[in-house]
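This is final19.cif (mmCIF, C-alpha atoms).
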```cif
data_my_file
loop_
_atom_site.label_atom_id
_atom_site.label_comp_id
_atom_site.auth_asym_id
_atom_site.auth_seq_id
_atom_site.Cartn_x
_atom_site.Cartn_y
_atom_site.Cartn_z
CA MET A 1 0.00 0.00 0.00
CA ASN A 2 1.23 3.50 -0.82
CA GLU A 3 0.90 6.53 1.50
CA GLN A 4 -2.37 7.75 -0.06
CA GLU A 5 -4.00 4.35 0.44
CA CYS A 6 -2.81 4.18 4.06
CA GLU A 7 -4.17 7.66 4.69
CA LYS A 8 -7.50 6.75 3.11
CA GLU A 9 -7.81 3.64 5.28
CA TRP A 10 -6.99 5.57 8.46
CA VAL A 11 -9.62 8.22 7.64
CA SER A 12 -12.26 5.57 6.95
CA LYS A 13 -11.68 3.88 10.33
CA PHE A 14 -11.10 6.92 12.58
CA ASP A 15 -14.03 8.43 14.55
CA PRO A 16 -13.26 12.15 15.14
CA LEU A 17 -16.02 12.56 17.74
CA VAL A 18 -14.32 10.16 20.19
CA CYS A 19 -10.77 10.35 18.77
CA LYS A 20 -10.56 6.58 18.42
CA LEU A 21 -10.35 4.02 15.66
CA ARG A 22 -13.53 2.06 14.94
CA GLU A 23 -11.58 -0.92 13.56
CA ASN A 24 -8.03 -2.25 13.62
CA LEU A 25 -5.68 -0.97 10.93
CA SER A 26 -3.81 -3.13 8.47
CA ASN A 27 -0.13 -3.66 9.23
CA GLU A 28 0.98 -1.26 6.47
CA THR A 29 -1.35 1.52 7.66
CA TYR A 30 -0.39 0.92 11.29
CA LEU A 31 3.30 1.42 10.46
CA TRP A 32 2.48 4.48 8.36
CA ALA A 33 0.45 5.97 11.23
CA GLN A 34 3.33 5.39 13.68
CA ASN A 35 5.64 7.52 11.51
CA ASN A 36 3.20 10.30 10.56
CA SER A 37 1.81 11.72 13.80
CA ASN A 38 1.74 15.32 12.47
CA ARG A 39 -0.24 14.29 9.41
CA LEU A 40 -2.68 12.34 11.60
CA LYS A 41 -3.27 15.49 13.65
CA GLU A 42 -4.03 17.47 10.47
CA LEU A 43 -6.45 14.80 9.29
CA GLU A 44 -8.13 14.70 12.70
CA VAL A 45 -8.66 18.48 12.68
CA MET A 46 -9.98 18.34 9.12
CA MET A 47 -12.49 15.61 10.02
CA ILE A 48 -13.73 17.49 13.09
CA LYS A 49 -14.20 20.64 11.01
CA GLU A 50 -16.21 18.60 8.51
CA LYS A 51 -18.47 17.40 11.32
CA LEU A 52 -18.92 20.97 12.53
CA TYR A 53 -19.76 22.15 9.03
CA GLU A 54 -22.38 19.40 8.75
CA CYS A 55 -23.94 20.71 11.98
CA TYR A 56 -23.91 24.24 10.59
CA GLU A 57 -25.69 23.12 7.41
CA LYS A 58 -28.27 21.22 9.47
CA LEU A 59 -28.93 24.33 11.56
CA ILE A 60 -29.39 26.43 8.42
CA TYR A 61 -31.81 23.86 7.02
CA ALA A 62 -33.80 23.56 10.27
CA HIS A 63 -34.06 27.33 10.78
CA ASP A 64 -35.30 27.75 7.24
CA HIS A 65 -37.76 24.85 7.68
CA TYR A 66 -39.44 26.16 10.83
CA LEU A 67 -38.97 29.95 10.58
CA ASP A 68 -39.67 32.60 7.95
CA TRP A 69 -36.52 34.65 8.47
CA ASP A 70 -33.93 36.60 6.51
CA GLU A 71 -31.14 34.33 5.20
CA ARG A 72 -28.45 36.50 6.78
CA GLU A 73 -30.19 36.36 10.16
CA ILE A 74 -30.37 32.56 9.89
CA LYS A 75 -26.64 32.26 9.19
CA LEU A 76 -25.76 34.62 12.04
CA GLN A 77 -28.07 32.80 14.45
CA SER A 78 -26.66 29.40 13.44
CA VAL A 79 -23.08 30.51 14.15
CA TRP A 80 -24.22 31.96 17.50
CA ASP A 81 -25.89 28.64 18.33
CA ILE A 82 -22.65 26.76 17.66
CA ALA A 83 -20.54 29.36 19.49
CA THR A 84 -22.47 28.70 22.73
CA TYR A 85 -20.60 25.38 22.94
CA PHE A 86 -17.27 27.25 22.98
CA PHE A 87 -18.19 30.33 25.05
CA ARG A 88 -15.79 29.51 27.90
CA GLY A 89 -12.89 30.14 25.54
CA PHE A 90 -13.78 33.83 25.27
CA SER A 91 -13.52 36.65 27.81
CA THR A 92 -16.93 37.99 26.69
CA PHE A 93 -19.85 36.44 24.86
CA PRO A 94 -22.57 38.45 23.06
CA TYR A 95 -26.20 38.24 24.11
CA LYS A 96 -28.64 37.60 21.27
CA PHE A 97 -31.72 39.81 21.28
CA VAL A 98 -34.75 39.33 19.04
CA THR A 99 -37.61 41.77 18.75
CA ALA A 100 -40.83 41.11 16.85
CA MET A 101 -44.49 41.99 16.87
CA LYS A 102 -46.93 39.52 18.38
CA GLY A 103 -47.44 36.39 16.26
CA SER A 104 -44.14 36.66 14.37
CA GLY A 105 -42.68 33.36 15.57
CA LYS A 106 -40.56 34.84 18.35
CA SER A 107 -41.46 32.19 20.93
CA ARG A 108 -40.97 29.45 18.33
CA LEU A 109 -37.45 30.73 17.69
CA LEU A 110 -36.66 30.65 21.41
CA LYS A 111 -37.92 27.07 21.79
CA PHE A 112 -35.92 26.09 18.70
CA THR A 113 -32.83 27.74 20.19
CA GLU A 114 -33.32 25.91 23.49
CA ALA A 115 -33.26 22.63 21.56
CA VAL A 116 -29.95 23.24 19.75
CA VAL A 117 -27.69 25.44 21.92
CA TRP A 118 -25.42 24.33 24.75
CA ASN A 119 -27.63 23.30 27.71
CA GLY A 120 -30.47 25.58 26.61
CA LEU A 121 -32.92 26.62 29.34
CA LEU A 122 -36.05 28.75 28.94
CA THR A 123 -36.33 30.80 32.13
CA SER A 124 -40.12 31.31 32.11
CA GLY A 125 -41.47 30.58 35.58
CA MET A 126 -38.06 30.19 37.24
CA SER A 127 -37.42 31.79 40.62
CA ASP A 128 -34.50 34.16 41.12
CA SER A 129 -32.65 31.64 43.31
CA ALA A 130 -33.02 28.98 40.62
CA LEU A 131 -31.64 31.40 38.03
CA PHE A 132 -28.56 32.16 40.16
CA ARG A 133 -27.80 28.48 40.49
CA SER A 134 -28.50 27.62 36.85
CA ALA A 135 -26.75 30.47 35.03
CA ASN A 136 -23.22 29.12 34.84
CA ASP A 137 -24.33 25.73 33.54
CA HIS A 138 -26.83 26.76 30.86
CA THR A 139 -27.60 28.98 27.92
CA LEU A 140 -30.33 31.13 29.46
CA ILE A 141 -33.25 32.13 27.22
CA PHE A 142 -35.54 34.94 28.38
CA ASP A 143 -38.94 35.22 26.70
CA GLU A 144 -41.21 38.26 27.10
CA ALA A 145 -38.35 40.38 28.44
CA GLU A 146 -40.35 43.63 28.18
CA SER A 147 -40.35 44.14 31.95
CA ILE A 148 -36.66 43.40 32.50
CA THR A 149 -36.13 46.97 33.78
CA SER A 150 -38.96 46.78 36.34
CA LYS A 151 -38.38 46.54 40.07
CA GLU A 152 -39.75 42.98 40.13
CA LYS A 153 -37.07 41.85 37.63
CA LYS A 154 -34.15 43.37 39.54
CA GLN A 155 -32.43 40.02 40.15
CA GLN A 156 -32.70 38.98 36.51
CA ARG A 157 -31.26 42.33 35.49
CA LEU A 158 -28.30 41.74 37.83
CA ILE A 159 -27.62 38.40 36.15
CA LEU A 160 -27.78 40.00 32.70
CA ASN A 161 -25.53 42.92 33.65
CA ALA A 162 -22.93 40.76 35.39
CA GLY A 163 -22.98 37.73 33.09
CA TYR A 164 -21.61 39.28 29.92
CA LYS A 165 -17.93 38.90 30.88
CA ARG A 166 -16.14 35.81 32.09
CA GLY A 167 -15.76 35.79 35.86
CA GLY A 168 -18.98 37.76 36.39
CA CYS A 169 -20.64 36.80 39.68
CA ILE A 170 -23.72 37.67 41.73
CA GLN A 171 -23.30 37.92 45.50
CA VAL A 172 -26.29 36.89 47.58
CA SER A 173 -26.66 37.39 51.33
CA LYS A 174 -27.66 34.23 53.18
CA GLU A 175 -28.65 33.66 56.80
CA LYS A 176 -26.46 31.41 58.92
CA TYR A 177 -26.88 30.38 62.55
CA THR A 178 -23.83 29.75 64.73
CA ASP A 179 -24.60 28.78 68.34
CA LYS A 180 -28.13 30.09 67.83
CA VAL A 181 -26.75 33.47 66.74
CA LYS A 182 -27.93 34.66 63.34
CA THR A 183 -25.29 36.02 61.00
CA PHE A 184 -25.17 36.73 57.30
CA ILE A 185 -22.70 35.36 54.79
CA LEU A 186 -22.17 36.21 51.14
CA GLU A 187 -22.50 33.48 48.58
CA LYS A 188 -21.07 33.94 45.09
CA TYR A 189 -22.79 32.58 42.01
CA PRO A 190 -20.95 32.71 38.65
CA VAL A 191 -23.36 33.93 35.97
CA TYR A 192 -21.19 34.12 32.85
CA CYS A 193 -22.98 32.17 30.13
CA PRO A 194 -24.66 32.64 26.72
CA LYS A 195 -28.01 34.42 26.94
CA MET A 196 -30.81 35.11 24.48
CA LEU A 197 -33.66 37.57 25.04
CA ALA A 198 -36.80 38.45 23.14
CA ASN A 199 -39.56 41.01 23.49
CA ILE A 200 -41.81 43.27 21.46
CA PHE A 201 -40.73 46.77 22.48
CA GLY A 202 -36.93 46.76 22.28
CA MET A 203 -34.10 46.85 24.81
CA GLU A 204 -32.78 49.56 27.12
CA ASP A 205 -29.32 50.99 26.42
CA VAL A 206 -27.16 49.24 29.05
CA LEU A 207 -28.27 45.74 28.07
CA GLY A 208 -28.56 46.77 24.43
CA ASP A 209 -24.81 47.37 24.30
CA ARG A 210 -24.28 43.72 25.17
CA CYS A 211 -26.63 42.40 22.49
CA ILE A 212 -26.59 41.50 18.83
CA PHE A 213 -30.01 42.64 17.61
CA SER A 214 -32.28 40.82 15.18
CA ILE A 215 -35.81 41.51 13.96
CA MET A 216 -38.45 38.96 13.01
CA GLU A 217 -41.37 39.88 10.79
CA LYS A 218 -44.81 38.32 10.82
CA SER A 219 -45.13 35.50 8.28
CA ASN A 220 -48.11 34.28 6.27
CA ASN A 221 -46.27 31.28 4.80
CA PRO A 222 -48.46 28.25 5.70
CA ALA A 223 -45.55 25.85 5.10
CA LYS A 224 -43.88 27.34 8.17
CA VAL A 225 -46.55 28.82 10.44
CA LYS A 226 -48.65 25.63 10.42
CA LEU A 227 -45.77 23.36 11.46
CA MET A 228 -45.95 21.83 14.94
CA GLU A 229 -43.11 22.58 17.35
CA ASP A 230 -41.58 19.13 17.89
CA PHE A 231 -38.15 20.30 19.02
CA ASP A 232 -38.14 18.20 22.20
CA THR A 233 -39.25 14.96 20.50
CA ASN A 234 -37.72 15.10 17.04
CA PRO A 235 -34.51 12.95 16.95
CA PHE A 236 -33.03 15.41 14.44
CA PHE A 237 -32.42 17.91 17.25
CA SER A 238 -31.17 15.47 19.88
CA GLU A 239 -28.68 14.00 17.39
CA LEU A 240 -27.52 17.45 16.30
CA LYS A 241 -27.00 18.49 19.90
CA ARG A 242 -25.05 15.33 20.79
CA THR A 243 -22.74 15.89 17.82
CA LEU A 244 -22.07 19.51 18.81
CA GLU A 245 -21.35 18.48 22.39
CA LYS A 246 -18.80 15.88 21.24
CA VAL A 247 -17.17 18.28 18.78
CA SER A 248 -16.84 20.98 21.46
CA VAL A 249 -15.05 18.57 23.80
CA VAL A 250 -12.58 17.52 21.10
CA TRP A 251 -12.05 21.05 19.79
CA CYS A 252 -11.90 22.99 23.08
CA SER A 253 -8.15 23.63 22.82
CA VAL A 254 -8.54 25.28 19.40
CA VAL A 255 -10.64 28.14 20.77
CA SER A 256 -8.69 28.55 23.99
CA GLN A 257 -8.42 31.97 25.61
CA LYS A 258 -4.79 32.20 24.50
CA ASN A 259 -5.65 31.80 20.82
CA ALA A 260 -8.86 33.79 21.03
CA GLN A 261 -7.56 36.89 22.78
CA GLU A 262 -3.80 36.99 23.28
CA GLY A 263 -3.12 36.38 19.62
CA TRP A 264 -5.43 39.23 18.61
CA ASP A 265 -3.92 41.64 21.15
CA SER A 266 -0.43 40.79 19.92
CA TYR A 267 -1.52 41.33 16.32
CA ILE A 268 -3.02 44.76 17.12
CA THR A 269 0.00 45.82 19.17
CA ASN A 270 2.46 44.88 16.44
CA LYS A 271 0.37 46.45 13.67
CA TYR A 272 -0.58 49.78 15.23
CA THR A 273 2.14 50.51 17.82
CA THR A 274 5.23 52.06 16.23
CA THR A 275 7.31 53.18 19.22
CA PRO A 276 6.48 51.89 22.71
CA LEU A 277 6.16 54.62 25.32
CA TYR A 278 7.68 52.51 28.08
CA THR A 279 10.35 49.93 27.27
CA THR A 280 9.43 48.07 30.46
CA TYR A 281 6.17 46.97 28.85
CA THR A 282 7.33 46.09 25.36
CA LYS A 283 6.71 42.38 26.06
CA LEU A 284 3.10 42.90 27.15
CA HIS A 285 1.76 41.32 23.93
CA GLN A 286 4.46 39.13 22.40
CA THR A 287 2.50 36.04 21.30
CA THR A 288 4.08 34.44 18.22
CA LEU A 289 1.53 34.28 15.40
CA GLU A 290 1.44 31.74 12.62
CA GLU A 291 0.74 32.68 9.02
CA LYS A 292 -2.84 31.34 9.21
CA GLU A 293 -3.52 33.42 12.34
CA LEU A 294 -2.20 36.56 10.65
CA GLU A 295 -4.47 35.91 7.68
CA LEU A 296 -7.45 35.48 10.03
CA PHE A 297 -6.71 38.64 12.01
CA ASN A 298 -6.18 40.66 8.84
CA LYS A 299 -9.67 39.69 7.64
CA ILE A 300 -11.23 40.65 10.96
CA ASP A 301 -9.31 43.94 11.15
CA GLU A 302 -10.30 44.88 7.60
CA ALA A 303 -13.96 44.61 8.64
CA GLY A 304 -13.47 47.98 10.36
CA LEU A 305 -15.15 47.02 13.65
CA ASP A 306 -13.78 48.32 16.94
CA GLY A 307 -14.77 48.86 20.56
CA ARG A 308 -17.94 47.14 21.69
CA TYR A 309 -18.86 46.05 18.15
CA LEU A 310 -15.62 44.09 17.79
CA GLU A 311 -16.11 42.63 21.26
CA LEU A 312 -19.60 41.44 20.33
CA TYR A 313 -18.75 39.76 17.05
CA TYR A 314 -15.24 38.47 17.78
CA PRO A 315 -16.42 35.14 19.32
CA LEU A 316 -18.62 34.58 16.26
CA PHE A 317 -15.73 35.33 13.91
CA MET A 318 -13.52 32.81 15.70
CA THR A 319 -16.27 30.18 15.68
CA ALA A 320 -17.02 30.78 11.98
CA LYS A 321 -13.30 30.33 11.24
CA ILE A 322 -13.43 26.89 12.84
CA ILE A 323 -16.43 25.90 10.73
CA ARG A 324 -14.99 26.97 7.39
CA GLU A 325 -13.14 29.85 5.77
CA ASP A 326 -16.02 30.98 3.55
CA ILE A 327 -18.37 30.99 6.57
CA LEU A 328 -16.04 33.47 8.28
CA GLU A 329 -16.18 35.77 5.26
CA GLU A 330 -19.99 35.59 5.23
CA ILE A 331 -20.26 36.36 8.96
CA ILE A 332 -17.88 39.32 8.60
CA LYS A 333 -20.14 40.74 5.85
CA ILE A 334 -23.24 40.13 7.97
CA ALA A 335 -21.58 41.79 10.99
CA LYS A 336 -20.77 44.88 8.90
CA TRP A 337 -24.40 44.99 7.75
CA LYS A 338 -25.72 44.62 11.31
CA VAL A 339 -23.35 47.23 12.73
CA GLY A 340 -24.21 49.58 9.88
CA GLU A 341 -27.92 49.25 10.71
CA LYS A 342 -27.29 49.87 14.40
CA LYS A 343 -25.14 52.94 13.77
CA GLU A 344 -27.76 54.37 11.44
CA ASN A 345 -30.40 53.83 14.14
CA GLU A 346 -28.14 55.54 16.68
CA ILE A 347 -27.90 58.54 14.39
CA LEU A 348 -31.69 58.68 14.16
CA GLU A 349 -32.37 58.01 17.85
CA SER A 350 -29.63 59.84 19.74
CA LYS A 351 -30.32 63.46 20.57
CA ASP A 352 -26.62 64.33 20.77
CA ILE A 353 -25.91 62.78 17.38
CA SER A 354 -28.90 64.65 15.97
CA VAL A 355 -27.41 67.89 17.26
CA ILE A 356 -24.05 67.03 15.64
CA ASP A 357 -25.80 66.20 12.37
CA PHE A 358 -27.83 69.42 12.54
CA ILE A 359 -24.78 71.65 13.16
CA SER A 360 -22.77 69.91 10.43
CA ARG A 361 -25.43 71.01 7.89
CA GLN A 362 -25.28 74.71 8.79
CA ALA A 363 -24.15 77.33 6.29
CA ASP A 364 -20.45 78.20 6.43
CA GLU A 365 -21.14 81.82 7.47
CA ARG A 366 -22.41 80.57 10.83
CA ALA A 367 -18.85 79.46 11.55
CA ILE A 368 -17.68 83.08 11.46
CA THR A 369 -20.75 85.11 12.49
CA PHE A 370 -22.93 85.01 15.58
CA THR A 371 -26.28 83.20 15.46
CA LYS A 372 -29.09 83.54 17.99
CA LEU A 373 -29.50 80.43 20.11
CA SER A 374 -33.29 80.83 19.87
CA ASP A 375 -33.08 80.64 16.07
CA LEU A 376 -31.04 77.41 16.31
CA ILE A 377 -33.63 75.92 18.68
CA ASN A 378 -36.53 76.68 16.33
CA GLU A 379 -34.64 75.25 13.35
CA PHE A 380 -33.63 72.16 15.31
CA LYS A 381 -37.27 71.49 16.27
CA HIS A 382 -38.12 71.00 12.60
CA PHE A 383 -34.93 69.00 11.99
CA PHE A 384 -35.47 66.62 14.93
CA GLU A 385 -39.21 66.26 14.25
CA ASN A 386 -40.47 63.14 16.08
CA ASP A 387 -44.18 62.29 16.11
CA GLU A 388 -43.81 59.72 18.89
CA GLU A 389 -41.90 61.85 21.39
CA SER A 390 -42.65 65.14 23.07
CA ILE A 391 -39.86 67.71 22.67
CA ASP A 392 -40.67 69.76 25.75
CA TRP A 393 -37.09 69.13 26.84
CA LEU A 394 -35.82 71.29 23.94
CA ASN A 395 -35.12 74.75 25.38
CA SER A 396 -32.24 77.22 25.53
CA ARG A 397 -30.68 75.55 28.59
CA TRP A 398 -30.66 72.07 26.98
CA MET A 399 -29.35 73.33 23.63
CA GLY A 400 -26.67 75.48 25.28
CA ARG A 401 -25.44 72.57 27.38
CA ALA A 402 -25.51 70.19 24.40
CA LEU A 403 -23.46 72.52 22.21
CA THR A 404 -20.95 73.08 25.05
CA ARG A 405 -20.72 69.38 25.94
CA LEU A 406 -20.12 68.45 22.29
CA ASN A 407 -17.58 71.27 21.83
CA LEU A 408 -19.55 72.81 18.97
CA ILE A 409 -19.16 76.44 20.04
CA THR A 410 -16.11 78.57 19.23
CA LYS A 411 -17.48 81.82 20.71
CA LYS A 412 -20.44 82.77 22.87
CA ARG A 413 -21.94 86.07 24.05
CA ARG A 414 -24.98 87.23 25.95
CA LEU A 415 -26.96 90.23 24.67
CA GLY A 416 -30.22 91.83 25.74
CA GLN A 417 -32.10 89.69 23.24
CA GLY A 418 -30.53 86.44 24.44
CA ILE A 419 -27.48 84.25 23.81
CA GLU A 420 -25.63 84.21 20.50
CA VAL A 421 -22.98 81.71 19.39
CA ILE A 422 -20.48 81.07 16.63
CA LEU A 423 -20.66 77.41 15.66
CA ASN A 424 -17.78 74.99 15.22
CA ILE A 425 -19.13 73.42 12.04
CA VAL A 426 -15.82 71.74 11.16
CA LYS A 427 -15.84 69.92 14.51
CA ALA A 428 -19.42 68.77 13.91
CA LYS A 429 -18.49 67.31 10.54
CA GLU A 430 -15.51 65.51 12.07
CA LYS A 431 -17.64 64.04 14.87
CA LEU A 432 -20.33 62.93 12.44
CA LYS A 433 -17.80 60.86 10.47
CA ILE A 434 -17.41 58.63 13.53
CA PHE A 435 -21.08 57.65 13.36
CA LYS A 436 -21.79 57.78 9.66
CA VAL A 437 -21.60 54.49 7.79
CA GLU A 438 -20.36 54.48 4.22
CA ASN A 439 -22.69 52.80 1.74
CA GLU A 440 -20.95 49.97 -0.07
#
```

structure tokens encoding of this file:
Amino acid sequence: MNEQECEKEWVSKFDPLVCKLRENLSNETYLWAQNNSNRLKELEVMMIKEKLYECYEKLIYAHDHYLDWDEREIKLQSVWDIATYFFRGFSTFPYKFVTAMKGSGKSRLLKFTEAVVWNGLLTSGMSDSALFRSANDHTLIFDEAESITSKEKKQQRLILNAGYKRGGCIQVSKEKYTDKVKTFILEKYPVYCPKMLANIFGMEDVLGDRCIFSIMEKSNNPAKVKLMEDFDTNPFFSELKRTLEKVSVVWCSVVSQKNAQEGWDSYITNKYTTTPLYTTYTKLHQTTLEEKELELFNKIDEAGLDGRYLELYYPLFMTAKIIREDILEEIIKIAKWKVGEKKENEILESKDISVIDFISRQADERAITFTKLSDLINEFKHFFENDEESIDWLNSRWMGRALTRLNLITKKRRLGQGIEVILNIVKAKEKLKIFKVENE
């Protein structure tokens, strides 16, 4: 037997999910395997990736079968589902948030997600103490999260605020009696885990910054809306979940914290730091990167994401890379689309950004001559025009503070008729570039 035949026999008899041979090898293949340990490792990784890609394709198919959803949303959700099995390898893990009007299939999506993610658990009806104890060992799924900011949901909100980063814990005071004397001790509960939320009305800002947003629209497709939800009884889902669990155990070292974060930090330091300020710290990020890692990090960096957006999507990029190279490229494109949508919404929704946008559109002469603040307020009322929100807050005090806070005033004076300002229009245009998204 030649080397190709030996390799083919080894592949046919090796089970990548348990890392063992199903059958004994022939003498020739056994000797070949003894002398080619590096090649066996490459083949093992390749076979595991193939299994993971099969799971990804099954998730795409199942999502499309049960849900009437945008293709890009399905692909993003499928990668998030798989990434829940590797979340411990990342310092942060994004929450998934879905908003939809009543009857759009939101609850169906959550039940579907519970059936395929790592230890999925719908939290409906759970007590706060049960949530504390369950968080670290499950993917928590919150349905009807409209009231998450209410006083009654304070404990759930603590879990959501603390559980975004690895090491996040909730401390709970517990009674303890020693010699009939009551004392209180603090118990710590780790709450870092994947989480998915859904509601009708949207999410408040603090939690929203931890979420990847998706929207579901109401469907009238009978081939989907008339299907029964058999996620807990259909063997398709139990088999898919078992395969993902086995793959995650075998592959855990590939998405270790060292590869996931230290490599990226080293890449950024070497690419964007020219002269270190303090020679004492030049070895802060000195991880040696392989050519494949450099290629991966270049693709992610070229996506143009930074700050919280990069933090949200980075675990999905790393997971997509494991699945297959072309999946990574698709998820990067989808992330750019999602971030573009969010930034555009921020421009529309944020009062400060609206002020920046408004000032950036002013005529150039207002950058050299004084303008009455009252005139700016009246013009801004028409510019900001919002039928759903009262603008009683818009007065001279608010506008004056906003312009000062945003550094959009070069000169200011008070006359008998009121305050006049010279606007820093150049500054407004510079600030707006940070939020504006270029159309591809």

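Closest approach to Asp306 (chain A) among A:Pro16, A:Cys193, A:Glu9, A:Lys336: A:Lys336, based on only C-alpha atoms.
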
(message) I'd like the neighbourhood of Glu144 (chain A) as number ranges by chain, where a residue qualifies if any of its atoms comes within 9 Å (using only C-alpha atoms), though same-chain residues fewer than 6 positions away should be ignored.
(response) A: 107, 124, 197-200

Which neighbours of Tyr61 (chain A) fall inside 10 Å, counting all atoms listed in the file, when residues of the same chain fewer than 5 positions from it are skipped, and could you give them as a PDB file with C-alpha atoms, in the frame of the given file?
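Final output, saved to result-v2.pdb:
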```
ATOM      1  CA  CYS A  55     -23.940  20.710  11.980  1.00  0.00           C
ATOM      2  CA  TYR A  56     -23.910  24.240  10.590  1.00  0.00           C
ATOM      3  CA  TYR A  66     -39.440  26.160  10.830  1.00  0.00           C
ATOM      4  CA  ILE A  74     -30.370  32.560   9.890  1.00  0.00           C
ATOM      5  CA  SER A  78     -26.660  29.400  13.440  1.00  0.00           C
TER       6      SER A  78
END
```

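Selection by the PyMOL selection byres ((chain A and resi 131) around 9) on the present file picks out Thr123, Met126, Ser127, Asp128, Ser129, Ala130, Phe132, Arg133, Ser134, Ala135, Leu140, Gln155, Gln156, Ile159 and Val191 of chain A.
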
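Compared by their closest atoms to Asn136 (chain A), and using all atoms listed in the file, the residues A:Gly120, A:Pro315, A:Pro190, A:Gly304 rank with A:Pro190 nearest.
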
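With distances taken over all atoms listed in the file, A:Phe112 is the one residue among A:Leu415, A:Val355, A:Phe112, A:Leu376 lying closest to Asn234 (chain A).
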
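Nearest to Lys431 (chain A) of all the residues A:Leu406, A:Ala363, A:Val172, A:Leu110 is A:Leu406, counting all atoms listed in the file.
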
Gly103 (chain A) surroundings by only C-alpha atoms, 10 Å radius, close-in-sequence under 5 positions cut, as a PDB file with C-alpha atoms, in the coordinates of the input:
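Writing the result to around-v3.pdb gives the following:
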```pdb
ATOM      1  CA  ARG A 108     -40.970  29.450  18.330  1.00  0.00           C
ATOM      2  CA  MET A 216     -38.450  38.960  13.010  1.00  0.00           C
ATOM      3  CA  GLU A 217     -41.370  39.880  10.790  1.00  0.00           C
ATOM      4  CA  LYS A 218     -44.810  38.320  10.820  1.00  0.00           C
ATOM      5  CA  SER A 219     -45.130  35.500   8.280  1.00  0.00           C
ATOM      6  CA  VAL A 225     -46.550  28.820  10.440  1.00  0.00           C
TER       7      VAL A 225
END
```

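Taking all atoms listed in the file into account, Ser104 (chain A) lies nearest to A:Lys224 out of the set A:Lys13, A:Arg39, A:Lys8, A:Lys224.
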